[in-house]
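Trainee: Sharing start-v2.pdb below, PDB, C-alpha atoms:
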```pdb
ATOM      1  CA  MET A  44       0.000   0.000   0.000
ATOM      2  CA  GLU A  45       1.302   3.444  -0.948
ATOM      3  CA  THR A  46       1.658   6.017   1.797
ATOM      4  CA  LEU A  47       0.295   9.552   1.532
ATOM      5  CA  GLU A  48       3.885  10.840   1.695
ATOM      6  CA  ARG A  49       5.053   8.716  -1.208
ATOM      7  CA  LEU A  50       2.019   9.567  -3.350
ATOM      8  CA  LEU A  51       2.210  13.282  -2.572
ATOM      9  CA  LEU A  52       5.940  13.548  -3.224
ATOM     10  CA  GLY A  53       5.426  11.601  -6.465
ATOM     11  CA  HIS A  54       3.049  14.279  -7.812
ATOM     12  CA  GLU A  55       4.423  16.076 -10.884
ATOM     13  CA  PHE A  56       4.060  19.515  -9.269
ATOM     14  CA  LEU A  57       6.506  18.430  -6.564
ATOM     15  CA  ALA A  58       8.914  16.602  -8.900
ATOM     16  CA  GLY A  59      12.495  17.002  -7.754
ATOM     17  CA  ILE A  60      11.656  18.696  -4.459
ATOM     18  CA  ASP A  61      14.131  18.087  -1.659
ATOM     19  CA  PRO A  62      12.521  15.158   0.221
ATOM     20  CA  ALA A  63      13.020  16.900   3.572
ATOM     21  CA  LEU A  64      11.033  19.917   2.312
ATOM     22  CA  GLY A  65       8.410  17.716   0.698
ATOM     23  CA  ARG A  66       7.830  15.776   3.909
ATOM     24  CA  ARG A  67       6.869  19.053   5.604
ATOM     25  CA  LEU A  68       3.846  19.213   3.280
ATOM     26  CA  VAL A  69       2.445  15.817   4.232
ATOM     27  CA  GLY A  70       0.948  17.047   7.522
ATOM     28  CA  CYS A  71      -1.149  19.572   5.554
ATOM     29  CA  ALA A  72      -2.416  17.048   2.969
ATOM     30  CA  ARG A  73      -5.490  14.861   2.581
ATOM     31  CA  ASN A  74      -7.038  12.836  -0.229
ATOM     32  CA  LEU A  75     -10.246  14.209  -1.755
ATOM     33  CA  ARG A  76     -12.643  13.134  -4.506
ATOM     34  CA  PHE A  77     -14.942  15.274  -6.632
ATOM     35  CA  ALA A  78     -17.750  14.009  -8.847
ATOM     36  CA  PRO A  79     -18.371  15.492 -12.306
ATOM     37  CA  GLY A  80     -20.047  18.886 -11.901
ATOM     38  CA  GLU A  81     -18.906  19.307  -8.300
ATOM     39  CA  TYR A  82     -16.989  22.486  -7.473
ATOM     40  CA  LEU A  83     -13.605  22.401  -5.786
ATOM     41  CA  PHE A  84     -14.132  26.110  -5.085
ATOM     42  CA  ARG A  85     -16.189  29.107  -6.211
ATOM     43  CA  GLU A  86     -15.063  32.587  -7.169
ATOM     44  CA  GLY A  87     -14.971  34.922  -4.170
ATOM     45  CA  GLY A  88     -15.004  32.114  -1.610
ATOM     46  CA  PRO A  89     -12.253  31.677   0.972
ATOM     47  CA  ALA A  90      -9.107  30.060  -0.433
ATOM     48  CA  ASN A  91      -8.683  27.536   2.353
ATOM     49  CA  GLU A  92      -7.045  24.774   0.337
ATOM     50  CA  PHE A  93      -4.524  24.147  -2.417
ATOM     51  CA  TYR A  94      -5.115  21.218  -4.783
ATOM     52  CA  LEU A  95      -2.827  18.851  -6.649
ATOM     53  CA  ILE A  96      -4.773  16.805  -9.204
ATOM     54  CA  ARG A  97      -3.995  13.106  -9.096
ATOM     55  CA  GLU A  98      -6.453  12.043 -11.796
ATOM     56  CA  GLY A  99      -9.523  13.431 -13.505
ATOM     57  CA  ARG A 100     -10.297  16.807 -15.066
ATOM     58  CA  VAL A 101     -10.963  20.252 -13.605
ATOM     59  CA  ALA A 102     -12.200  23.288 -15.539
ATOM     60  CA  LEU A 103     -11.136  26.747 -14.397
ATOM     61  CA  GLU A 104     -14.075  29.000 -15.187
ATOM     62  CA  LEU A 105     -14.641  32.734 -15.315
ATOM     63  CA  HIS A 106     -18.100  34.273 -15.203
ATOM     64  CA  ALA A 107     -19.167  37.055 -17.542
ATOM     65  CA  PRO A 108     -22.516  38.860 -17.379
ATOM     66  CA  ALA A 109     -25.313  37.251 -19.423
ATOM     67  CA  ARG A 110     -23.020  34.504 -20.729
ATOM     68  CA  PRO A 111     -22.290  30.920 -19.808
ATOM     69  CA  PRO A 112     -19.065  30.408 -17.834
ATOM     70  CA  ILE A 113     -15.887  30.821 -19.869
ATOM     71  CA  VAL A 114     -13.468  27.931 -19.473
ATOM     72  CA  ILE A 115     -10.054  29.515 -19.001
ATOM     73  CA  GLU A 116      -8.207  26.227 -18.799
ATOM     74  CA  SER A 117      -8.915  22.526 -18.449
ATOM     75  CA  LEU A 118      -6.537  20.766 -16.070
ATOM     76  CA  GLY A 119      -5.693  17.128 -15.526
ATOM     77  CA  GLY A 120      -3.557  14.754 -13.519
ATOM     78  CA  GLY A 121      -0.199  16.124 -12.422
ATOM     79  CA  GLU A 122      -1.383  19.735 -12.392
ATOM     80  CA  MET A 123      -2.193  22.101  -9.537
ATOM     81  CA  VAL A 124      -5.332  24.117  -8.888
ATOM     82  CA  GLY A 125      -5.633  27.210  -6.772
ATOM     83  CA  ALA A 126      -2.846  29.677  -6.074
ATOM     84  CA  SER A 127      -5.104  32.132  -4.209
ATOM     85  CA  TRP A 128      -4.269  30.427  -0.894
ATOM     86  CA  LEU A 129      -0.939  32.254  -1.030
ATOM     87  CA  VAL A 130      -2.058  35.842  -1.695
ATOM     88  CA  PRO A 131      -4.122  37.955   0.734
ATOM     89  CA  PRO A 132      -7.067  38.340   1.036
ATOM     90  CA  TYR A 133      -7.094  34.571   0.278
ATOM     91  CA  ARG A 134     -10.178  34.565  -1.990
ATOM     92  CA  TRP A 135     -10.679  32.508  -5.141
ATOM     93  CA  GLY A 136     -10.517  34.438  -8.430
ATOM     94  CA  PHE A 137     -12.148  31.697 -10.536
ATOM     95  CA  ASP A 138     -14.448  28.730 -10.173
ATOM     96  CA  ALA A 139     -12.891  25.267 -10.355
ATOM     97  CA  ARG A 140     -15.323  22.509 -11.374
ATOM     98  CA  ALA A 141     -14.634  18.808 -11.808
ATOM     99  CA  THR A 142     -15.621  17.684 -15.311
ATOM    100  CA  ALA A 143     -14.846  14.011 -14.641
ATOM    101  CA  ASP A 144     -14.384  11.862 -11.560
ATOM    102  CA  THR A 145     -11.440  13.626  -9.975
ATOM    103  CA  ARG A 146      -9.030  12.716  -7.183
ATOM    104  CA  VAL A 147      -6.814  15.373  -5.666
ATOM    105  CA  PHE A 148      -4.540  16.063  -2.766
ATOM    106  CA  GLY A 149      -5.995  18.943  -0.792
ATOM    107  CA  LEU A 150      -3.435  20.883   1.217
ATOM    108  CA  ASP A 151      -4.789  22.996   4.062
ATOM    109  CA  ALA A 152      -3.887  26.613   3.232
ATOM    110  CA  HIS A 153      -3.481  27.812   6.815
ATOM    111  CA  CYS A 154      -1.159  24.891   7.579
ATOM    112  CA  LEU A 155       0.778  25.427   4.357
ATOM    113  CA  ARG A 156       1.187  29.193   4.873
ATOM    114  CA  GLY A 157       2.428  28.568   8.412
ATOM    115  CA  LYS A 158       5.017  26.053   7.229
ATOM    116  CA  CYS A 159       6.186  28.348   4.429
ATOM    117  CA  ASP A 160       6.513  31.262   6.877
ATOM    118  CA  ALA A 161       8.449  29.110   9.350
ATOM    119  CA  ASP A 162      10.739  27.603   6.696
ATOM    120  CA  HIS A 163      11.717  30.134   4.044
ATOM    121  CA  HIS A 164      13.387  27.416   1.972
ATOM    122  CA  LEU A 165      10.015  25.672   1.700
ATOM    123  CA  GLY A 166       8.291  28.999   0.971
ATOM    124  CA  TYR A 167      10.764  29.770  -1.806
ATOM    125  CA  GLU A 168      10.365  26.288  -3.274
ATOM    126  CA  MET A 169       6.572  26.630  -3.347
ATOM    127  CA  MET A 170       6.800  30.099  -4.943
ATOM    128  CA  ARG A 171       9.282  28.831  -7.519
ATOM    129  CA  ARG A 172       6.802  26.135  -8.514
ATOM    130  CA  LEU A 173       3.654  28.286  -8.332
ATOM    131  CA  LEU A 174       4.836  31.369 -10.202
ATOM    132  CA  PRO A 175       5.187  29.782 -13.672
ATOM    133  CA  VAL A 176       1.721  28.234 -13.314
ATOM    134  CA  MET A 177       0.219  31.570 -12.248
ATOM    135  CA  VAL A 178       1.803  33.372 -15.207
ATOM    136  CA  ARG A 179       0.569  30.713 -17.637
ATOM    137  CA  ARG A 180      -2.962  30.983 -16.227
ATOM    138  CA  MET A 181      -2.923  34.783 -16.470
ATOM    139  CA  GLN A 182      -1.888  34.468 -20.108
ATOM    140  CA  ALA A 183      -4.688  31.964 -20.737
ATOM    141  CA  ALA A 184      -7.221  34.306 -19.092
ATOM    142  CA  ARG A 185      -5.925  37.194 -21.190
ATOM    143  CA  GLN A 186      -6.315  35.137 -24.367
ATOM    144  CA  GLN A 187      -9.866  34.194 -23.406
ATOM    145  CA  MET A 188     -10.702  37.835 -22.748
ATOM    146  CA  LEU A 189      -9.339  38.813 -26.176
ATOM    147  CA  ASP A 190     -11.482  36.119 -27.758
ATOM    148  CA  VAL A 191     -14.601  37.312 -25.912
ATOM    149  CA  TYR A 192     -14.126  41.073 -25.892
ATOM    150  CA  GLY A 193     -11.674  41.525 -28.753
ATOM    151  CA  HIS A 194     -12.008  44.516 -31.021
ATOM    152  CA  PRO A 195     -13.415  44.030 -34.509
ATOM    153  CA  PRO A 196     -10.904  44.534 -37.323
ATOM    154  CA  ALA A 197     -10.469  48.155 -38.421
TER     155      ALA A 197
END
```
Could you rewrite the structure in this file as C-alpha cells?
Mentor:
Amino acid sequence: METLERLLLGHEFLAGIDPALGRRLVGCARNLRFAPGEYLFREGGPANEFYLIREGRVALELHAPARPPIVIESLGGGEMVGASWLVPPYRWGFDARATADTRVFGLDAHCLRGKCDADHHLGYEMMRRLLPVMVRRMQAARQQMLDVYGHPPA
C-alpha cells in the first residue's frame, strides 16, 4: 500500500523537491474526490485549500454577465489548482469545477502558509513552482478575454 507521503511527493508539481522539504507538506495534505459537476471552489469564496490533481479533469471557469461560464483552462492529472491560498485576502478568483471523476490532494492553506513562513526554503520552493503556473494561467485568461471582448478589425 502506498503512503500519503510517497504519493504526494510523487506528484508532478513536486517533482524534484528536496525530500526533507516535501515531507513538511504531508501534515497539511489529505485525499479528496470530486464528482463530475462538483466544485472544488467558487469565485470569491475563501481560499482555504490548495489542490494537486492526481487524476480526472478540472475546468477553471470565469463568469461574464449574461453569458455561460468561460473555461479559461482545463486541467488534468499532475497539475495544480488554486494559487489564491498564497495571496491575501485569500479569496478565489475563478471557479474550479470537476468535469470528470477527480481525485486530488488537498493541502490545508493555513497549515501550508504557516510552514512556508516558518521555513523560508520551503516557501521559496513553493513560490518557484507556483509562479510559472500563475503566469501561464494569467496568459490563458488574457487570451480568453481577447477572444470574448476583442475589437473588430479596423
Trainee: Using the chain letters and numbers from the file, give me the residues hit by the PyMOL selection byres ((chain A and resi 151-160) around 10), as an NGL selection string.
Mentor: :A and (64 or 67-73 or 90-94 or 126-130 or 133 or 148-150 or 161-170)
Trainee: Restrict the selected residues to C-alpha atoms and save them as a PDB file, in the frame of the given file.
Mentor:
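Result went into result_31.pdb, see below:
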```pdb
ATOM      1  CA  LEU A  64      11.033  19.917   2.312  1.00  0.00           C
ATOM      2  CA  ARG A  67       6.869  19.053   5.604  1.00  0.00           C
ATOM      3  CA  LEU A  68       3.846  19.213   3.280  1.00  0.00           C
ATOM      4  CA  VAL A  69       2.445  15.817   4.232  1.00  0.00           C
ATOM      5  CA  GLY A  70       0.948  17.047   7.522  1.00  0.00           C
ATOM      6  CA  CYS A  71      -1.149  19.572   5.554  1.00  0.00           C
ATOM      7  CA  ALA A  72      -2.416  17.048   2.969  1.00  0.00           C
ATOM      8  CA  ARG A  73      -5.490  14.861   2.581  1.00  0.00           C
ATOM      9  CA  ALA A  90      -9.107  30.060  -0.433  1.00  0.00           C
ATOM     10  CA  ASN A  91      -8.683  27.536   2.353  1.00  0.00           C
ATOM     11  CA  GLU A  92      -7.045  24.774   0.337  1.00  0.00           C
ATOM     12  CA  PHE A  93      -4.524  24.147  -2.417  1.00  0.00           C
ATOM     13  CA  TYR A  94      -5.115  21.218  -4.783  1.00  0.00           C
ATOM     14  CA  ALA A 126      -2.846  29.677  -6.074  1.00  0.00           C
ATOM     15  CA  SER A 127      -5.104  32.132  -4.209  1.00  0.00           C
ATOM     16  CA  TRP A 128      -4.269  30.427  -0.894  1.00  0.00           C
ATOM     17  CA  LEU A 129      -0.939  32.254  -1.030  1.00  0.00           C
ATOM     18  CA  VAL A 130      -2.058  35.842  -1.695  1.00  0.00           C
ATOM     19  CA  TYR A 133      -7.094  34.571   0.278  1.00  0.00           C
ATOM     20  CA  PHE A 148      -4.540  16.063  -2.766  1.00  0.00           C
ATOM     21  CA  GLY A 149      -5.995  18.943  -0.792  1.00  0.00           C
ATOM     22  CA  LEU A 150      -3.435  20.883   1.217  1.00  0.00           C
ATOM     23  CA  ALA A 161       8.449  29.110   9.350  1.00  0.00           C
ATOM     24  CA  ASP A 162      10.739  27.603   6.696  1.00  0.00           C
ATOM     25  CA  HIS A 163      11.717  30.134   4.044  1.00  0.00           C
ATOM     26  CA  HIS A 164      13.387  27.416   1.972  1.00  0.00           C
ATOM     27  CA  LEU A 165      10.015  25.672   1.700  1.00  0.00           C
ATOM     28  CA  GLY A 166       8.291  28.999   0.971  1.00  0.00           C
ATOM     29  CA  TYR A 167      10.764  29.770  -1.806  1.00  0.00           C
ATOM     30  CA  GLU A 168      10.365  26.288  -3.274  1.00  0.00           C
ATOM     31  CA  MET A 169       6.572  26.630  -3.347  1.00  0.00           C
ATOM     32  CA  MET A 170       6.800  30.099  -4.943  1.00  0.00           C
TER      33      MET A 170
END
```
Trainee: Evaluate the PyMOL selection byres ((chain A and resi 98) around 10) here and jot the selected residues down as a ChimeraX atom specification.
Mentor: /A:76,95-97,99-101,118-122,143-147
Trainee: Please expand the PyMOL selection byres ((chain A and resi 140-142) around 9) into the concrete residues it hits in this file, giving the result as a list in words.
Mentor: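 Checked against the file, the PyMOL selection byres ((chain A and resi 140-142) around 9) matches Phe77, Ala78, Pro79, Gly80, Glu81, Tyr82, Leu83, Phe84, Arg85, Gly99, Arg100, Val101, Ala102, Leu103, Glu104, Ser117, Asp138, Ala139, Ala143, Asp144 and Thr145 of chain A.
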Trainee: Hey, can you check how far atom CA of A:Phe137 sits from atom CA of A:Leu105?
Mentor: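 Computed distance, atom CA of A:Phe137 to atom CA of A:Leu105, equals 5.5 Å.
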Trainee: Find the residues around A:Met181 up to 12 Å (only C-alpha atoms counted), leave out those fewer than 3 positions away in its own chain, and share them as a PyMOL selection string.
Mentor: chain A and resi 103+105+115-116+126+136-137+174-178+184-188
Trainee: Would you write out those residues with C-alpha atoms, as a tab-separated table (two decimals), in the frame of the given file?
Mentor:
```
chain	number	residue	atom	x	y	z
A	103	LEU	CA	-11.14	26.75	-14.40
A	105	LEU	CA	-14.64	32.73	-15.32
A	115	ILE	CA	-10.05	29.52	-19.00
A	116	GLU	CA	-8.21	26.23	-18.80
A	126	ALA	CA	-2.85	29.68	-6.07
A	136	GLY	CA	-10.52	34.44	-8.43
A	137	PHE	CA	-12.15	31.70	-10.54
A	174	LEU	CA	4.84	31.37	-10.20
A	175	PRO	CA	5.19	29.78	-13.67
A	176	VAL	CA	1.72	28.23	-13.31
A	177	MET	CA	0.22	31.57	-12.25
A	178	VAL	CA	1.80	33.37	-15.21
A	184	ALA	CA	-7.22	34.31	-19.09
A	185	ARG	CA	-5.92	37.19	-21.19
A	186	GLN	CA	-6.32	35.14	-24.37
A	187	GLN	CA	-9.87	34.19	-23.41
A	188	MET	CA	-10.70	37.84	-22.75
```
Trainee: Identify which of the residues A:Arg134, A:Arg110, A:His54, A:Arg66 lies closest to A:Glu86, counting only C-alpha atoms when measuring atom-to-atom distances.
Mentor: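 Closest to A:Glu86 of all the choices is A:Arg134.
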Trainee: So for stretch 106-119 of chain A, what box centre and size do we get, axis-aligned, 5 Å extra on each of the six sides, every listed atom, Å to one decimal, as AutoDock Vina command-line options?
Mentor:
```
--center_x -15.5 --center_y 28.0 --center_z -18.0 --size_x 29.6 --size_y 31.7 --size_z 15.5
```
Trainee: How many Å lie between atom CA of A:Arg180 and atom CA of A:Trp135, rounded to one decimal?
Mentor: 13.6 Å
Trainee: To one decimal in Å, tell me the separation between atom CA of A:Gly87 and atom CA of A:Met123.
Mentor: 18.9 Å
Trainee: Between A:Pro112, A:Leu189, A:Arg171, A:Pro89, single out the one closest to A:Pro131, counting only C-alpha atoms.
Mentor: A:Pro89
Trainee: Some atoms are absent from stretch 116-144 of chain A, so rebuild N, CA and C atoms and return them as a PDB file, in the frame of the given file.
Mentor:
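The result, stored in rebuild-v3.pdb:
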```pdb
ATOM      1  N   GLU A 116      -9.156  27.323 -18.609  1.00  0.00           N
ATOM      2  CA  GLU A 116      -8.207  26.227 -18.799  1.00  0.00           C
ATOM      3  C   GLU A 116      -8.834  24.948 -18.274  1.00  0.00           C
ATOM      4  N   SER A 117      -8.498  23.837 -18.915  1.00  0.00           N
ATOM      5  CA  SER A 117      -8.915  22.526 -18.449  1.00  0.00           C
ATOM      6  C   SER A 117      -7.664  21.807 -17.959  1.00  0.00           C
ATOM      7  N   LEU A 118      -7.711  21.341 -16.719  1.00  0.00           N
ATOM      8  CA  LEU A 118      -6.537  20.766 -16.070  1.00  0.00           C
ATOM      9  C   LEU A 118      -6.732  19.286 -15.812  1.00  0.00           C
ATOM     10  N   GLY A 119      -5.631  18.555 -15.774  1.00  0.00           N
ATOM     11  CA  GLY A 119      -5.693  17.128 -15.526  1.00  0.00           C
ATOM     12  C   GLY A 119      -4.654  16.665 -14.534  1.00  0.00           C
ATOM     13  N   GLY A 120      -4.490  15.357 -14.456  1.00  0.00           N
ATOM     14  CA  GLY A 120      -3.557  14.754 -13.519  1.00  0.00           C
ATOM     15  C   GLY A 120      -2.164  15.346 -13.624  1.00  0.00           C
ATOM     16  N   GLY A 121      -1.541  15.564 -12.470  1.00  0.00           N
ATOM     17  CA  GLY A 121      -0.199  16.124 -12.422  1.00  0.00           C
ATOM     18  C   GLY A 121      -0.173  17.634 -12.317  1.00  0.00           C
ATOM     19  N   GLU A 122      -1.344  18.272 -12.447  1.00  0.00           N
ATOM     20  CA  GLU A 122      -1.383  19.735 -12.392  1.00  0.00           C
ATOM     21  C   GLU A 122      -1.903  20.197 -11.038  1.00  0.00           C
ATOM     22  N   MET A 123      -1.718  21.508 -10.782  1.00  0.00           N
ATOM     23  CA  MET A 123      -2.193  22.101  -9.537  1.00  0.00           C
ATOM     24  C   MET A 123      -3.366  23.023  -9.829  1.00  0.00           C
ATOM     25  N   VAL A 124      -4.188  23.211  -8.793  1.00  0.00           N
ATOM     26  CA  VAL A 124      -5.332  24.117  -8.888  1.00  0.00           C
ATOM     27  C   VAL A 124      -5.336  24.993  -7.650  1.00  0.00           C
ATOM     28  N   GLY A 125      -5.394  26.299  -7.885  1.00  0.00           N
ATOM     29  CA  GLY A 125      -5.633  27.210  -6.772  1.00  0.00           C
ATOM     30  C   GLY A 125      -4.399  27.814  -6.147  1.00  0.00           C
ATOM     31  N   ALA A 126      -3.974  28.970  -6.660  1.00  0.00           N
ATOM     32  CA  ALA A 126      -2.846  29.677  -6.074  1.00  0.00           C
ATOM     33  C   ALA A 126      -3.312  30.780  -5.123  1.00  0.00           C
ATOM     34  N   SER A 127      -4.595  31.029  -5.037  1.00  0.00           N
ATOM     35  CA  SER A 127      -5.104  32.132  -4.209  1.00  0.00           C
ATOM     36  C   SER A 127      -4.878  31.919  -2.718  1.00  0.00           C
ATOM     37  N   TRP A 128      -4.562  30.716  -2.307  1.00  0.00           N
ATOM     38  CA  TRP A 128      -4.269  30.427  -0.894  1.00  0.00           C
ATOM     39  C   TRP A 128      -3.050  31.192  -0.413  1.00  0.00           C
ATOM     40  N   LEU A 129      -2.218  31.645  -1.360  1.00  0.00           N
ATOM     41  CA  LEU A 129      -0.939  32.254  -1.030  1.00  0.00           C
ATOM     42  C   LEU A 129      -0.992  33.779  -0.960  1.00  0.00           C
ATOM     43  N   VAL A 130      -2.023  34.393  -1.546  1.00  0.00           N
ATOM     44  CA  VAL A 130      -2.058  35.842  -1.695  1.00  0.00           C
ATOM     45  C   VAL A 130      -3.260  36.429  -0.954  1.00  0.00           C
ATOM     46  N   PRO A 131      -2.995  37.308   0.045  1.00  0.00           N
ATOM     47  CA  PRO A 131      -4.122  37.955   0.734  1.00  0.00           C
ATOM     48  C   PRO A 131      -4.988  38.694  -0.283  1.00  0.00           C
ATOM     49  N   PRO A 132      -6.273  38.713  -0.132  1.00  0.00           N
ATOM     50  CA  PRO A 132      -7.067  38.340   1.036  1.00  0.00           C
ATOM     51  C   PRO A 132      -7.513  36.879   1.043  1.00  0.00           C
ATOM     52  N   TYR A 133      -6.821  36.013   0.295  1.00  0.00           N
ATOM     53  CA  TYR A 133      -7.094  34.571   0.278  1.00  0.00           C
ATOM     54  C   TYR A 133      -8.527  34.275  -0.180  1.00  0.00           C
ATOM     55  N   ARG A 134      -8.869  34.790  -1.365  1.00  0.00           N
ATOM     56  CA  ARG A 134     -10.178  34.565  -1.990  1.00  0.00           C
ATOM     57  C   ARG A 134      -9.952  34.032  -3.397  1.00  0.00           C
ATOM     58  N   TRP A 135     -10.812  33.097  -3.814  1.00  0.00           N
ATOM     59  CA  TRP A 135     -10.679  32.508  -5.141  1.00  0.00           C
ATOM     60  C   TRP A 135     -11.043  33.524  -6.218  1.00  0.00           C
ATOM     61  N   GLY A 136     -10.261  33.541  -7.307  1.00  0.00           N
ATOM     62  CA  GLY A 136     -10.517  34.438  -8.430  1.00  0.00           C
ATOM     63  C   GLY A 136     -11.279  33.782  -9.555  1.00  0.00           C
ATOM     64  N   PHE A 137     -11.448  32.470  -9.515  1.00  0.00           N
ATOM     65  CA  PHE A 137     -12.148  31.697 -10.536  1.00  0.00           C
ATOM     66  C   PHE A 137     -13.007  30.651  -9.839  1.00  0.00           C
ATOM     67  N   ASP A 138     -13.813  29.961 -10.628  1.00  0.00           N
ATOM     68  CA  ASP A 138     -14.448  28.730 -10.173  1.00  0.00           C
ATOM     69  C   ASP A 138     -13.570  27.581 -10.659  1.00  0.00           C
ATOM     70  N   ALA A 139     -13.548  26.495  -9.910  1.00  0.00           N
ATOM     71  CA  ALA A 139     -12.891  25.267 -10.355  1.00  0.00           C
ATOM     72  C   ALA A 139     -13.915  24.151 -10.212  1.00  0.00           C
ATOM     73  N   ARG A 140     -14.267  23.528 -11.345  1.00  0.00           N
ATOM     74  CA  ARG A 140     -15.323  22.509 -11.374  1.00  0.00           C
ATOM     75  C   ARG A 140     -14.781  21.225 -11.978  1.00  0.00           C
ATOM     76  N   ALA A 141     -15.023  20.121 -11.278  1.00  0.00           N
ATOM     77  CA  ALA A 141     -14.634  18.808 -11.808  1.00  0.00           C
ATOM     78  C   ALA A 141     -15.495  18.502 -13.026  1.00  0.00           C
ATOM     79  N   THR A 142     -14.874  18.054 -14.110  1.00  0.00           N
ATOM     80  CA  THR A 142     -15.621  17.684 -15.311  1.00  0.00           C
ATOM     81  C   THR A 142     -15.584  16.177 -15.540  1.00  0.00           C
ATOM     82  N   ALA A 143     -14.915  15.474 -14.643  1.00  0.00           N
ATOM     83  CA  ALA A 143     -14.846  14.011 -14.641  1.00  0.00           C
ATOM     84  C   ALA A 143     -14.629  13.603 -13.188  1.00  0.00           C
ATOM     85  N   ASP A 144     -14.747  12.319 -12.903  1.00  0.00           N
ATOM     86  CA  ASP A 144     -14.384  11.862 -11.560  1.00  0.00           C
ATOM     87  C   ASP A 144     -12.941  12.306 -11.313  1.00  0.00           C
TER      88      ASP A 144
END
```
